[in-house]
$ cat run-v1.tsv   # TSV, C-alpha atoms
chain	number	residue	atom	x	y	z
A	197	MET	CA	0.00	0.00	0.00
A	198	PHE	CA	1.47	3.32	-1.10
A	199	LYS	CA	0.67	6.31	1.09
A	200	VAL	CA	0.24	9.79	-0.38
A	201	PRO	CA	3.54	11.58	0.36
A	202	ALA	CA	3.43	14.53	2.72
A	203	TRP	CA	4.99	16.84	0.14
A	204	LEU	CA	2.09	16.19	-2.25
A	205	ILE	CA	-0.48	16.91	0.46
A	206	PHE	CA	1.26	20.15	1.42
A	207	THR	CA	1.60	21.10	-2.24
A	208	ILE	CA	-2.15	20.68	-2.78
A	209	ILE	CA	-2.93	22.71	0.35
A	210	PHE	CA	-0.49	25.44	-0.69
A	211	ILE	CA	-1.93	25.67	-4.21
A	212	GLY	CA	-5.47	25.78	-2.84
A	213	LEU	CA	-4.64	28.56	-0.36
A	214	PHE	CA	-2.64	30.47	-2.96
A	215	ILE	CA	-5.51	30.40	-5.46
A	216	ALA	CA	-8.04	31.37	-2.78
A	217	PHE	CA	-5.97	34.35	-1.60
A	218	PHE	CA	-5.29	35.41	-5.20
A	219	TYR	CA	-8.99	35.53	-6.05
A	220	LEU	CA	-9.78	37.21	-2.71
A	221	LEU	CA	-7.22	39.97	-3.31
A	222	THR	CA	-8.39	40.35	-6.89
A	223	PHE	CA	-11.98	40.71	-5.70
A	224	PHE	CA	-11.16	43.50	-3.23
A	225	GLU	CA	-8.88	45.28	-5.68
A	226	THR	CA	-11.35	45.28	-8.54
A	227	LYS	CA	-14.79	45.34	-6.88
A	228	LYS	CA	-15.02	49.12	-7.36
A	229	LYS	CA	-14.00	48.87	-10.98
A	230	LYS	CA	-16.86	49.90	-13.22
A	231	GLU	CA	-16.90	49.55	-16.97
A	232	LYS	CA	-18.47	52.15	-19.23
A	233	LEU	CA	-21.56	50.70	-20.83
A	234	ASP	CA	-22.65	53.66	-22.95
A	235	VAL	CA	-22.93	52.75	-26.61
A	236	LYS	CA	-21.09	55.40	-28.61
A	237	LYS	CA	-21.87	53.76	-31.92
A	238	PHE	CA	-24.26	51.00	-32.94
A	239	TYR	CA	-21.99	48.88	-35.12
A	240	ASP	CA	-23.27	46.47	-37.71
A	241	VAL	CA	-23.17	42.97	-36.21
A	242	THR	CA	-23.31	39.61	-37.96
A	243	PHE	CA	-24.42	36.67	-35.86
A	244	ILE	CA	-22.90	33.36	-36.94
A	245	ILE	CA	-24.82	30.32	-35.72
A	246	PRO	CA	-23.19	26.95	-36.44
A	247	ALA	CA	-26.04	24.44	-36.51
A	248	TYR	CA	-25.98	20.66	-36.47
A	249	ASN	CA	-29.30	18.89	-35.83
A	250	ALA	CA	-30.43	22.06	-34.07
A	251	SER	CA	-34.13	21.97	-34.89
A	252	THR	CA	-35.21	21.90	-31.21
A	253	TYR	CA	-33.90	25.35	-30.28
A	254	ILE	CA	-32.87	27.15	-33.49
A	255	GLU	CA	-36.13	29.12	-33.70
A	256	LYS	CA	-35.89	30.31	-30.10
A	257	THR	CA	-32.26	31.27	-30.63
A	258	ILE	CA	-32.98	33.36	-33.73
A	259	ASN	CA	-36.05	34.97	-32.16
A	260	SER	CA	-33.95	36.00	-29.15
A	261	ILE	CA	-31.60	37.82	-31.55
A	262	MET	CA	-34.46	39.65	-33.20
A	263	GLU	CA	-35.82	40.68	-29.79
A	264	LEU	CA	-32.55	42.32	-28.72
A	265	ASP	CA	-32.53	45.94	-27.62
A	266	TYR	CA	-30.49	46.90	-30.66
A	267	PRO	CA	-31.36	48.49	-34.04
A	268	LYS	CA	-32.71	45.67	-36.20
A	269	LYS	CA	-31.25	47.19	-39.37
A	270	LYS	CA	-27.79	46.72	-37.84
A	271	LEU	CA	-28.21	42.97	-37.40
A	272	LYS	CA	-27.46	40.13	-39.80
A	273	ILE	CA	-27.83	36.42	-39.06
A	274	PHE	CA	-25.83	33.70	-40.81
A	275	VAL	CA	-26.96	30.17	-40.01
A	276	VAL	CA	-24.37	27.63	-41.15
A	277	ASP	CA	-26.05	24.23	-41.39
A	278	ASP	CA	-23.17	21.83	-40.79
A	279	GLY	CA	-24.66	18.75	-42.43
A	280	SER	CA	-27.78	18.47	-40.25
A	281	GLN	CA	-29.89	15.35	-40.68
A	282	ASP	CA	-33.05	16.79	-39.12
A	283	ASN	CA	-35.29	19.68	-40.22
A	284	THR	CA	-33.01	22.49	-39.04
A	285	ALA	CA	-32.84	24.02	-42.53
A	286	GLU	CA	-36.63	23.94	-42.93
A	287	LYS	CA	-37.14	25.80	-39.66
A	288	VAL	CA	-34.60	28.44	-40.65
A	289	LYS	CA	-36.24	28.87	-44.07
A	290	LYS	CA	-39.56	29.41	-42.31
A	291	LEU	CA	-38.00	32.22	-40.24
A	292	MET	CA	-36.45	33.72	-43.39
A	293	LYS	CA	-39.96	34.51	-44.59
A	294	LYS	CA	-40.52	36.49	-41.39
A	295	TYR	CA	-37.11	38.16	-41.11
A	296	THR	CA	-35.23	39.50	-44.13
A	297	ASN	CA	-31.81	39.64	-42.46
A	298	ILE	CA	-31.28	35.86	-42.21
A	299	ARG	CA	-29.09	33.85	-44.58
A	300	LEU	CA	-28.83	30.08	-44.58
A	301	PHE	CA	-25.69	28.28	-45.72
A	302	LYS	CA	-25.66	24.50	-46.07
A	303	LYS	CA	-22.44	22.53	-46.10
A	304	ARG	CA	-21.19	19.03	-45.41
A	305	LYS	CA	-20.39	18.18	-41.80
A	306	GLU	CA	-16.88	19.30	-40.85
A	307	GLY	CA	-17.34	20.42	-37.25
A	308	LYS	CA	-18.16	23.61	-35.40
A	309	ALA	CA	-14.88	25.42	-36.07
A	310	ALA	CA	-15.12	24.81	-39.82
A	311	ALA	CA	-18.73	26.03	-39.82
A	312	LEU	CA	-17.72	29.21	-37.98
A	313	ASN	CA	-14.84	29.85	-40.38
A	314	PHE	CA	-17.18	29.40	-43.32
A	315	GLY	CA	-19.49	32.06	-41.88
A	316	ILE	CA	-16.60	34.40	-41.03
A	317	GLY	CA	-15.52	34.27	-44.67
A	318	LYS	CA	-18.91	35.75	-45.66
A	319	VAL	CA	-18.95	38.56	-43.08
A	320	LYS	CA	-18.58	42.22	-44.08
A	321	THR	CA	-19.66	43.88	-40.83
A	322	GLU	CA	-17.35	45.38	-38.18
A	323	LEU	CA	-18.43	42.94	-35.48
A	324	ILE	CA	-19.09	39.20	-35.40
A	325	ALA	CA	-21.22	37.56	-32.73
A	326	VAL	CA	-20.66	33.81	-32.39
A	327	LEU	CA	-23.72	32.11	-30.93
A	328	ASP	CA	-24.45	28.44	-30.24
A	329	SER	CA	-27.66	27.19	-31.81
A	330	ASP	CA	-29.15	26.29	-28.40
A	331	THR	CA	-28.41	29.58	-26.62
A	332	ILE	CA	-30.98	32.27	-25.79
A	333	LEU	CA	-29.93	35.89	-25.29
A	334	GLN	CA	-31.18	38.51	-22.85
A	335	LYS	CA	-32.39	41.69	-24.53
A	336	ASP	CA	-29.66	44.03	-23.25
A	337	ILE	CA	-26.66	41.76	-23.73
A	338	LEU	CA	-25.53	42.87	-27.20
A	339	LYS	CA	-25.74	46.57	-26.36
A	340	LYS	CA	-23.51	46.02	-23.33
A	341	ALA	CA	-21.03	43.96	-25.35
A	342	VAL	CA	-20.79	46.60	-28.08
A	343	ALA	CA	-20.22	49.32	-25.47
A	344	LEU	CA	-17.23	47.44	-24.06
A	345	LEU	CA	-15.80	46.85	-27.54
A	346	SER	CA	-15.31	50.59	-27.97
A	347	GLN	CA	-12.01	50.13	-26.09
A	348	LYS	CA	-9.04	49.72	-28.42
A	349	LYS	CA	-7.36	46.69	-26.76
A	350	ILE	CA	-10.61	44.77	-26.33
A	351	VAL	CA	-11.33	42.52	-29.31
A	352	ALA	CA	-13.84	40.15	-27.71
A	353	VAL	CA	-16.59	40.34	-25.09
A	354	THR	CA	-18.31	37.30	-23.64
A	355	SER	CA	-20.98	36.94	-20.98
A	356	ARG	CA	-22.34	34.98	-18.08
A	357	LEU	CA	-23.95	31.69	-19.02
A	358	VAL	CA	-26.97	30.23	-17.24
A	359	PRO	CA	-28.29	26.67	-17.79
A	360	LEU	CA	-31.57	26.80	-19.68
A	361	ASN	CA	-32.58	23.29	-18.64
A	362	LYS	CA	-32.67	22.91	-14.87
A	363	LYS	CA	-34.41	19.56	-14.39
A	364	GLY	CA	-32.48	16.56	-13.18
A	365	PHE	CA	-29.58	16.13	-10.75
A	366	PHE	CA	-26.75	16.86	-13.22
A	367	ALA	CA	-28.45	19.94	-14.66
A	368	ARG	CA	-29.10	21.37	-11.16
A	369	MET	CA	-25.48	20.77	-10.18
A	370	GLN	CA	-24.38	22.75	-13.24
A	371	VAL	CA	-26.59	25.67	-12.20
A	372	VAL	CA	-24.40	25.96	-9.09
A	373	GLU	CA	-21.22	25.34	-11.08
A	374	TYR	CA	-22.04	28.01	-13.67
A	375	SER	CA	-22.80	30.56	-10.94
A	376	LEU	CA	-19.40	30.02	-9.32
A	377	THR	CA	-17.65	29.97	-12.69
A	378	SER	CA	-19.23	33.29	-13.65
A	379	PHE	CA	-17.86	34.97	-10.53
A	380	PHE	CA	-14.31	33.73	-11.17
A	381	ARG	CA	-14.46	34.60	-14.87
A	382	LYS	CA	-15.46	38.14	-14.02
A	383	LEU	CA	-12.47	38.45	-11.68
A	384	LEU	CA	-10.17	37.10	-14.40
A	385	SER	CA	-11.68	39.57	-16.85
A	386	ASN	CA	-10.88	42.42	-14.46
A	387	ILE	CA	-7.18	41.49	-14.52
A	388	ASN	CA	-7.11	40.78	-18.29
A	389	ALA	CA	-6.65	37.03	-17.81
A	390	LEU	CA	-9.93	35.59	-19.09
A	391	PRO	CA	-9.02	32.41	-21.04
A	392	ILE	CA	-12.37	31.46	-22.54
A	393	ALA	CA	-14.89	32.74	-25.08
A	394	PRO	CA	-17.87	30.34	-24.86
A	395	ALA	CA	-21.44	30.00	-26.25
A	396	PHE	CA	-21.99	33.74	-26.89
A	397	THR	CA	-19.07	36.03	-27.70
A	398	VAL	CA	-18.83	39.21	-29.77
A	399	TYR	CA	-15.57	39.78	-31.69
A	400	LYS	CA	-14.06	42.57	-33.74
A	401	THR	CA	-14.01	41.19	-37.26
A	402	PHE	CA	-10.52	42.46	-38.05
A	403	PHE	CA	-8.98	39.95	-35.63
A	404	PHE	CA	-10.15	36.98	-37.70
A	405	LYS	CA	-9.17	38.65	-40.97
A	406	LYS	CA	-5.67	39.39	-39.63
A	407	TYR	CA	-4.91	36.35	-37.45
A	408	GLY	CA	-7.08	33.63	-38.96
A	409	GLY	CA	-10.28	31.87	-37.92
A	410	PHE	CA	-10.98	29.13	-35.41
A	411	ASP	CA	-8.65	26.15	-35.12
A	412	ARG	CA	-10.41	23.31	-36.95
A	413	ASP	CA	-8.36	20.60	-35.24
A	414	ASN	CA	-9.20	21.85	-31.75
A	415	LEU	CA	-11.70	20.19	-29.40
A	416	THR	CA	-12.12	23.47	-27.48
A	417	GLU	CA	-11.88	26.14	-30.15
A	418	ASP	CA	-13.23	28.81	-27.77
A	419	PHE	CA	-10.30	28.25	-25.39
A	420	GLU	CA	-7.81	28.38	-28.25
A	421	ILE	CA	-9.14	31.62	-29.73
A	422	ALA	CA	-9.07	33.25	-26.28
A	423	LEU	CA	-5.42	32.30	-25.79
A	424	ARG	CA	-4.63	33.56	-29.29
A	425	ILE	CA	-6.23	36.90	-28.49
A	426	HIS	CA	-3.98	37.29	-25.44
A	427	PHE	CA	-0.95	36.05	-27.41
A	428	TYR	CA	-1.31	38.92	-29.86
A	429	GLY	CA	-1.63	41.49	-27.08
A	430	TYR	CA	-5.39	41.99	-26.95
A	431	ASP	CA	-7.90	41.37	-24.16
A	432	ILE	CA	-11.33	39.87	-23.51
A	433	LEU	CA	-13.97	41.35	-21.20
A	434	TYR	CA	-16.82	39.65	-19.39
A	435	ILE	CA	-20.40	40.79	-18.82
A	436	LEU	CA	-21.76	39.71	-15.45
A	437	ASP	CA	-24.96	41.77	-15.20
A	438	SER	CA	-26.59	40.18	-18.25
A	439	TYR	CA	-26.54	36.61	-19.46
A	440	ALA	CA	-27.23	34.01	-22.11
A	441	GLU	CA	-29.14	30.82	-21.38
A	442	THR	CA	-27.73	27.64	-22.85
A	443	ILE	CA	-28.51	23.93	-22.84
A	444	VAL	CA	-26.27	21.87	-20.54
A	445	PRO	CA	-25.86	18.07	-20.40
A	446	SER	CA	-28.61	16.51	-18.29
A	447	LYS	CA	-27.37	12.91	-18.31
A	448	PHE	CA	-24.15	11.45	-16.96
A	449	ARG	CA	-23.02	10.11	-20.34
A	450	GLN	CA	-23.46	13.52	-21.98
A	451	LEU	CA	-21.70	15.29	-19.12
A	452	TYR	CA	-18.85	12.78	-19.15
A	453	ARG	CA	-18.26	13.20	-22.87
A	454	GLN	CA	-18.32	16.99	-22.55
A	455	ARG	CA	-15.80	17.04	-19.69
A	456	VAL	CA	-13.48	14.56	-21.43
A	457	ARG	CA	-13.57	16.82	-24.50
A	458	TRP	CA	-12.81	19.84	-22.33
A	459	GLY	CA	-9.96	17.95	-20.69
A	460	TYR	CA	-8.32	16.91	-23.95
A	461	GLY	CA	-8.88	20.40	-25.36
A	462	THR	CA	-7.19	21.98	-22.35
A	463	LEU	CA	-4.13	19.73	-22.71
A	464	TYR	CA	-3.95	20.43	-26.44
A	465	ASN	CA	-4.12	24.19	-26.01
A	466	ILE	CA	-1.66	24.34	-23.12
A	467	ARG	CA	0.78	22.43	-25.29
A	468	LYS	CA	0.09	24.72	-28.25
A	469	TYR	CA	0.63	27.86	-26.14
A	470	LYS	CA	3.24	26.45	-23.75
A	471	HIS	CA	5.42	29.52	-24.34
A	472	MET	CA	2.78	31.60	-22.52
A	473	VAL	CA	3.02	29.52	-19.33
A	474	PHE	CA	5.15	31.21	-16.62
A	475	SER	CA	5.66	34.17	-18.96
A	476	LEU	CA	5.60	37.68	-17.46
A	477	LYS	CA	4.73	39.03	-20.90
A	478	TYR	CA	1.15	37.79	-20.58
A	479	GLY	CA	0.47	39.20	-17.10
A	480	ASP	CA	-1.69	37.23	-14.69
A	481	LEU	CA	-2.71	34.83	-17.45
A	482	GLY	CA	0.89	33.72	-17.93
A	483	THR	CA	2.03	33.90	-14.32
A	484	PHE	CA	-1.07	32.67	-12.48
A	485	LEU	CA	-3.84	31.04	-14.47
A	486	LEU	CA	-1.96	28.89	-16.98
A	487	PRO	CA	0.68	27.73	-14.45
A	488	ASN	CA	-2.09	26.69	-12.06
A	489	LEU	CA	-3.75	24.71	-14.84
A	490	VAL	CA	-0.48	22.91	-15.54
A	491	ILE	CA	0.24	22.24	-11.86
A	492	GLY	CA	-3.34	21.12	-11.30
A	493	ILE	CA	-3.11	18.61	-14.15
A	494	ILE	CA	0.17	17.22	-12.75
A	495	VAL	CA	-1.33	16.87	-9.25
A	496	ILE	CA	-4.45	15.11	-10.60
A	497	VAL	CA	-2.30	12.68	-12.62
A	498	LEU	CA	-0.19	11.90	-9.52
A	499	ILE	CA	-3.27	11.30	-7.35
A	500	LEU	CA	-4.83	9.04	-10.00
A	501	ALA	CA	-1.57	7.12	-10.35
A	502	ILE	CA	-1.37	6.59	-6.57
A	503	ALA	CA	-5.04	5.56	-6.42
A	504	ILE	CA	-4.63	3.04	-9.26
A	505	TYR	CA	-1.45	1.66	-7.67
A	506	ASN	CA	-3.22	1.23	-4.31
A	507	ILE	CA	-6.19	-0.51	-5.92
A	508	ILE	CA	-3.87	-2.95	-7.68
A	509	ALA	CA	-1.81	-3.48	-4.49
A	510	VAL	CA	-4.89	-4.16	-2.34
A	511	SER	CA	-6.33	-6.50	-4.96
A	512	TYR	CA	-3.03	-8.38	-5.18
A	513	THR	CA	-2.79	-8.64	-1.36
A	514	HIS	CA	-6.32	-10.05	-1.10
A	515	LEU	CA	-5.62	-12.47	-3.92
A	516	ARG	CA	-2.44	-13.73	-2.22
A	517	ALA	CA	-4.28	-14.07	1.10
A	518	HIS	CA	-7.04	-16.05	-0.61
A	519	GLU	CA	-4.48	-18.36	-2.23
A	520	THR	CA	-2.73	-18.88	1.14
A	521	ARG	CA	-6.00	-19.82	2.83
A	522	HIS	CA	-6.86	-22.15	-0.05
A	523	ASP	CA	-3.49	-23.92	0.25
A	524	LEU	CA	-3.94	-24.26	4.02
A	525	VAL	CA	-7.39	-25.83	3.63
A	526	CYS	CA	-6.08	-28.23	1.00
A	527	ARG	CA	-3.22	-29.37	3.28
A	528	LEU	CA	-5.62	-29.91	6.19
A	529	LEU	CA	-7.97	-31.97	4.06
A	530	LEU	CA	-5.15	-34.07	2.69
$ encode --input "run-v1.tsv" --output "structure tokens"
Amino acid sequence: MFKVPAWLIFTIIFIGLFIAFFYLLTFFETKKKKEKLDVKKFYDVTFIIPAYNASTYIEKTINSIMELDYPKKKLKIFVVDDGSQDNTAEKVKKLMKKYTNIRLFKKRKEGKAAALNFGIGKVKTELIAVLDSDTILQKDILKKAVALLSQKKIVAVTSRLVPLNKKGFFARMQVVEYSLTSFFRKLLSNINALPIAPAFTVYKTFFFKKYGGFDRDNLTEDFEIALRIHFYGYDILYILDSYAETIVPSKFRQLYRQRVRWGYGTLYNIRKYKHMVFSLKYGDLGTFLLPNLVIGIIVIVLILAIAIYNIIAVSYTHLRAHETRHDLVCRLLL
């Protein structure tokens, strides 16, 4: 039986306390920080919605765009049907009769990143809003995002996410998880270290034209694009006082597959941007967040290795004891 070494226990405690104090200090230092949310200019915005078998929510998603507190003549909607096998296209075509600013593009299935890049190639507006096909927007969210994008160094603004489906144990657990995550993401945004651009994010179009679109080989393309934004010296801001509602996994199998994908995507992107880890050039992202991700992964791997070793050792011990007892019984009988 292998016992967890004391140094590993103290390392985990130290990391936990360090992270807690870091976030606590960040909270007190930035709690009075207020962002200007006055829209100086209503930019033209193109929403790109990558859709694969999205017939259940695509109508609600598009309707939420058209109900935004934003000039309708400034909005365009590109739905990229990524090889759907349901009636997603038919539902979009139905909405096209109602709204004149919707365009539908159909292509063979190549994945979300490829669908987004296809849409980006068609965009001519100053801003691009990337929106998942099962995500519903609050009315004031775009106006607040556009106001923040008036700052020169800010090239992307994302927002708080709230689970749309709240029934079932796993969905309710994610309601709590998303609430905590939103708080920490806001703190990271305040120190220009936000590493994610999820289900709803508004970008300045020039960034994609200059530095390329989403990584097609990436399992977590939103993480990769966020790191790329920081790599080129730009920042991402986070909206906490408005939100987008999105569908979360409600069954264990779905949740497991999502988290495995996130895990592999994190490893891939840390390897891709390893030069940012422990780098003073990238501020708190390089000196705090990314190093903690790396250290956390190492600690988890060590704990799993110790746990697996102990399981094997205990099983082997029991097996040997069983064989010893069996031999003893056989000798007594003989």
$ residues_around --input "run-v1.tsv" --residues "Thr242 (chain A)" --least-positions-apart "3" --cutoff "7 Å" --atoms "all atoms listed in the file" --output "ChimeraX atom specification"
/A:271-273,319,321,323-325
$ closest_residue --input "run-v1.tsv" --among "A:Phe274, A:Trp458, A:Tyr478, A:Phe484" --to "Ile211 (chain A)" --atoms "all atoms listed in the file"
A:Phe484
$ closest_residue --input "run-v1.tsv" --among "A:Lys268, A:Lys363, A:Arg356, A:Arg455" --to "Ser438 (chain A)" --atoms "all atoms listed in the file"
A:Arg356
$ residues_around --input "run-v1.tsv" --residues "Thr284 (chain A)" --least-positions-apart "5" --cutoff "8 Å" --atoms "all atoms listed in the file" --output "list in words"
Ala247, Tyr248, Asn249, Ala250, Ser251, Ile254 and Asp277 of chain A
$ residues_near_point --input "run-v1.tsv" --point "(-22.4, 29.7, -28.0)" --cutoff "12 Å" --atoms "all atoms listed in the file" --output "PyMOL selection string"
chain A and resi 243-247+257+308-309+312+325-333+354-358+392-398+417-418+439-444
$ write_last_selection --input "run-v1.tsv" --atoms "C-alpha atoms" --output "short mmCIF file (atom, residue, chain, number, x, y, z; two decimals), in the coordinates of the input"
data_model
loop_
_atom_site.label_atom_id
_atom_site.label_comp_id
_atom_site.auth_asym_id
_atom_site.auth_seq_id
_atom_site.Cartn_x
_atom_site.Cartn_y
_atom_site.Cartn_z
CA PHE A 243 -24.42 36.67 -35.86
CA ILE A 244 -22.90 33.36 -36.94
CA ILE A 245 -24.82 30.32 -35.72
CA PRO A 246 -23.19 26.95 -36.44
CA ALA A 247 -26.04 24.44 -36.51
CA THR A 257 -32.26 31.27 -30.63
CA LYS A 308 -18.16 23.61 -35.40
CA ALA A 309 -14.88 25.42 -36.07
CA LEU A 312 -17.72 29.21 -37.98
CA ALA A 325 -21.22 37.56 -32.73
CA VAL A 326 -20.66 33.81 -32.39
CA LEU A 327 -23.72 32.11 -30.93
CA ASP A 328 -24.45 28.44 -30.24
CA SER A 329 -27.66 27.19 -31.81
CA ASP A 330 -29.15 26.29 -28.40
CA THR A 331 -28.41 29.58 -26.62
CA ILE A 332 -30.98 32.27 -25.79
CA LEU A 333 -29.93 35.89 -25.29
CA THR A 354 -18.31 37.30 -23.64
CA SER A 355 -20.98 36.94 -20.98
CA ARG A 356 -22.34 34.98 -18.08
CA LEU A 357 -23.95 31.69 -19.02
CA VAL A 358 -26.97 30.23 -17.24
CA ILE A 392 -12.37 31.46 -22.54
CA ALA A 393 -14.89 32.74 -25.08
CA PRO A 394 -17.87 30.34 -24.86
CA ALA A 395 -21.44 30.00 -26.25
CA PHE A 396 -21.99 33.74 -26.89
CA THR A 397 -19.07 36.03 -27.70
CA VAL A 398 -18.83 39.21 -29.77
CA GLU A 417 -11.88 26.14 -30.15
CA ASP A 418 -13.23 28.81 -27.77
CA TYR A 439 -26.54 36.61 -19.46
CA ALA A 440 -27.23 34.01 -22.11
CA GLU A 441 -29.14 30.82 -21.38
CA THR A 442 -27.73 27.64 -22.85
CA ILE A 443 -28.51 23.93 -22.84
CA VAL A 444 -26.27 21.87 -20.54
#
$ atom_distance --input "run-v1.tsv" --atom1 "CA of Gly482 (chain A)" --atom2 "CA of Ala389 (chain A)"
8.2 Å
$ closest_residue --input "run-v1.tsv" --among "A:Tyr434, A:Tyr428, A:Phe404, A:Tyr460" --to "Asn388 (chain A)" --atoms "all atoms listed in the file"
A:Tyr434
$ atom_distance --input "run-v1.tsv" --atom1 "CA of Glu286 (chain A)" --atom2 "CA of Ile298 (chain A)"
13.1 Å
$ residues_near_point --input "run-v1.tsv" --point "(-1.4, 2.8, -5.7)" --cutoff "12 Å" --atoms "only C-alpha atoms" --output "list in words"
Met197, Phe198, Lys199, Val200, Pro201, Leu498, Ile499, Leu500, Ala501, Ile502, Ala503, Ile504, Tyr505, Asn506, Ile507, Ile508, Ala509, Val510, Ser511 and Tyr512 of chain A
$ atom_distance --input "run-v1.tsv" --atom1 "CA of Phe206 (chain A)" --atom2 "CA of Phe224 (chain A)"
26.9 Å
$ closest_residue --input "run-v1.tsv" --among "A:Tyr266, A:Phe218, A:Phe365, A:Phe238" --to "Ser446 (chain A)" --atoms "only C-alpha atoms"
A:Phe365
$ residues_around --input "run-v1.tsv" --residues "Lys339 (chain A)" --least-positions-apart "6" --cutoff "9 Å" --atoms "all atoms listed in the file" --output "MDAnalysis selection string"
chainID A and resid 233:235 238 264:266
$ residues_around --input "run-v1.tsv" --residues "Lys302 (chain A)" --least-positions-apart "5" --cutoff "9 Å" --atoms "only C-alpha atoms" --output "JSON, numbers by chain"
{"A": [275, 276, 277, 278, 279, 280, 285]}
$ residues_around --input "run-v1.tsv" --residues "region 409-415 of chain A" --least-positions-apart "5" --cutoff "10 Å" --atoms "all atoms listed in the file" --output "ChimeraX atom specification"
/A:306-314,316-317,403-404,420-421,424,456-462,464-465
$ write_last_selection --input "run-v1.tsv" --atoms "C-alpha atoms" --output "short mmCIF file (atom, residue, chain, number, x, y, z; two decimals), keeping the file's coordinate frame"
data_model
loop_
_atom_site.label_atom_id
_atom_site.label_comp_id
_atom_site.auth_asym_id
_atom_site.auth_seq_id
_atom_site.Cartn_x
_atom_site.Cartn_y
_atom_site.Cartn_z
CA GLU A 306 -16.88 19.30 -40.85
CA GLY A 307 -17.34 20.42 -37.25
CA LYS A 308 -18.16 23.61 -35.40
CA ALA A 309 -14.88 25.42 -36.07
CA ALA A 310 -15.12 24.81 -39.82
CA ALA A 311 -18.73 26.03 -39.82
CA LEU A 312 -17.72 29.21 -37.98
CA ASN A 313 -14.84 29.85 -40.38
CA PHE A 314 -17.18 29.40 -43.32
CA ILE A 316 -16.60 34.40 -41.03
CA GLY A 317 -15.52 34.27 -44.67
CA PHE A 403 -8.98 39.95 -35.63
CA PHE A 404 -10.15 36.98 -37.70
CA GLU A 420 -7.81 28.38 -28.25
CA ILE A 421 -9.14 31.62 -29.73
CA ARG A 424 -4.63 33.56 -29.29
CA VAL A 456 -13.48 14.56 -21.43
CA ARG A 457 -13.57 16.82 -24.50
CA TRP A 458 -12.81 19.84 -22.33
CA GLY A 459 -9.96 17.95 -20.69
CA TYR A 460 -8.32 16.91 -23.95
CA GLY A 461 -8.88 20.40 -25.36
CA THR A 462 -7.19 21.98 -22.35
CA TYR A 464 -3.95 20.43 -26.44
CA ASN A 465 -4.12 24.19 -26.01
#
$ closest_residue --input "run-v1.tsv" --among "A:Pro391, A:Gly364, A:Arg516, A:Lys382" --to "Met472 (chain A)" --atoms "all atoms listed in the file"
A:Pro391
$ decode --input "run-v1.tsv" --residues "region 297-309 of chain A" --atoms "N, CA and C atoms" --output "short mmCIF file (atom, residue, chain, number, x, y, z; two decimals), in the first residue's frame"
data_model
loop_
_atom_site.label_atom_id
_atom_site.label_comp_id
_atom_site.auth_asym_id
_atom_site.auth_seq_id
_atom_site.Cartn_x
_atom_site.Cartn_y
_atom_site.Cartn_z
N ASN A 297 -33.26 39.53 -42.71
CA ASN A 297 -31.81 39.64 -42.46
C ASN A 297 -31.15 38.30 -42.16
N ILE A 298 -31.83 37.20 -42.48
CA ILE A 298 -31.28 35.86 -42.21
C ILE A 298 -30.79 35.23 -43.51
N ARG A 299 -29.61 34.62 -43.45
CA ARG A 299 -29.09 33.85 -44.58
C ARG A 299 -28.76 32.44 -44.09
N LEU A 300 -29.08 31.47 -44.92
CA LEU A 300 -28.83 30.08 -44.58
C LEU A 300 -27.76 29.52 -45.53
N PHE A 301 -26.73 28.93 -44.94
CA PHE A 301 -25.69 28.28 -45.72
C PHE A 301 -25.66 26.80 -45.34
N LYS A 302 -25.70 25.94 -46.33
CA LYS A 302 -25.66 24.50 -46.07
C LYS A 302 -24.33 23.94 -46.56
N LYS A 303 -23.71 23.13 -45.74
CA LYS A 303 -22.44 22.53 -46.10
C LYS A 303 -22.35 21.13 -45.50
N ARG A 304 -21.39 20.36 -45.97
CA ARG A 304 -21.19 19.03 -45.41
C ARG A 304 -20.59 19.13 -44.01
N LYS A 305 -20.82 18.15 -43.19
CA LYS A 305 -20.39 18.18 -41.80
C LYS A 305 -18.87 18.15 -41.68
N GLU A 306 -18.32 19.21 -41.08
CA GLU A 306 -16.88 19.30 -40.85
C GLU A 306 -16.55 19.73 -39.42
N GLY A 307 -17.58 19.98 -38.62
CA GLY A 307 -17.34 20.42 -37.25
C GLY A 307 -17.64 21.90 -37.04
N LYS A 308 -17.76 22.26 -35.76
CA LYS A 308 -18.16 23.61 -35.40
C LYS A 308 -17.18 24.67 -35.88
N ALA A 309 -15.88 24.43 -35.68
CA ALA A 309 -14.88 25.42 -36.07
C ALA A 309 -14.92 25.70 -37.57
#
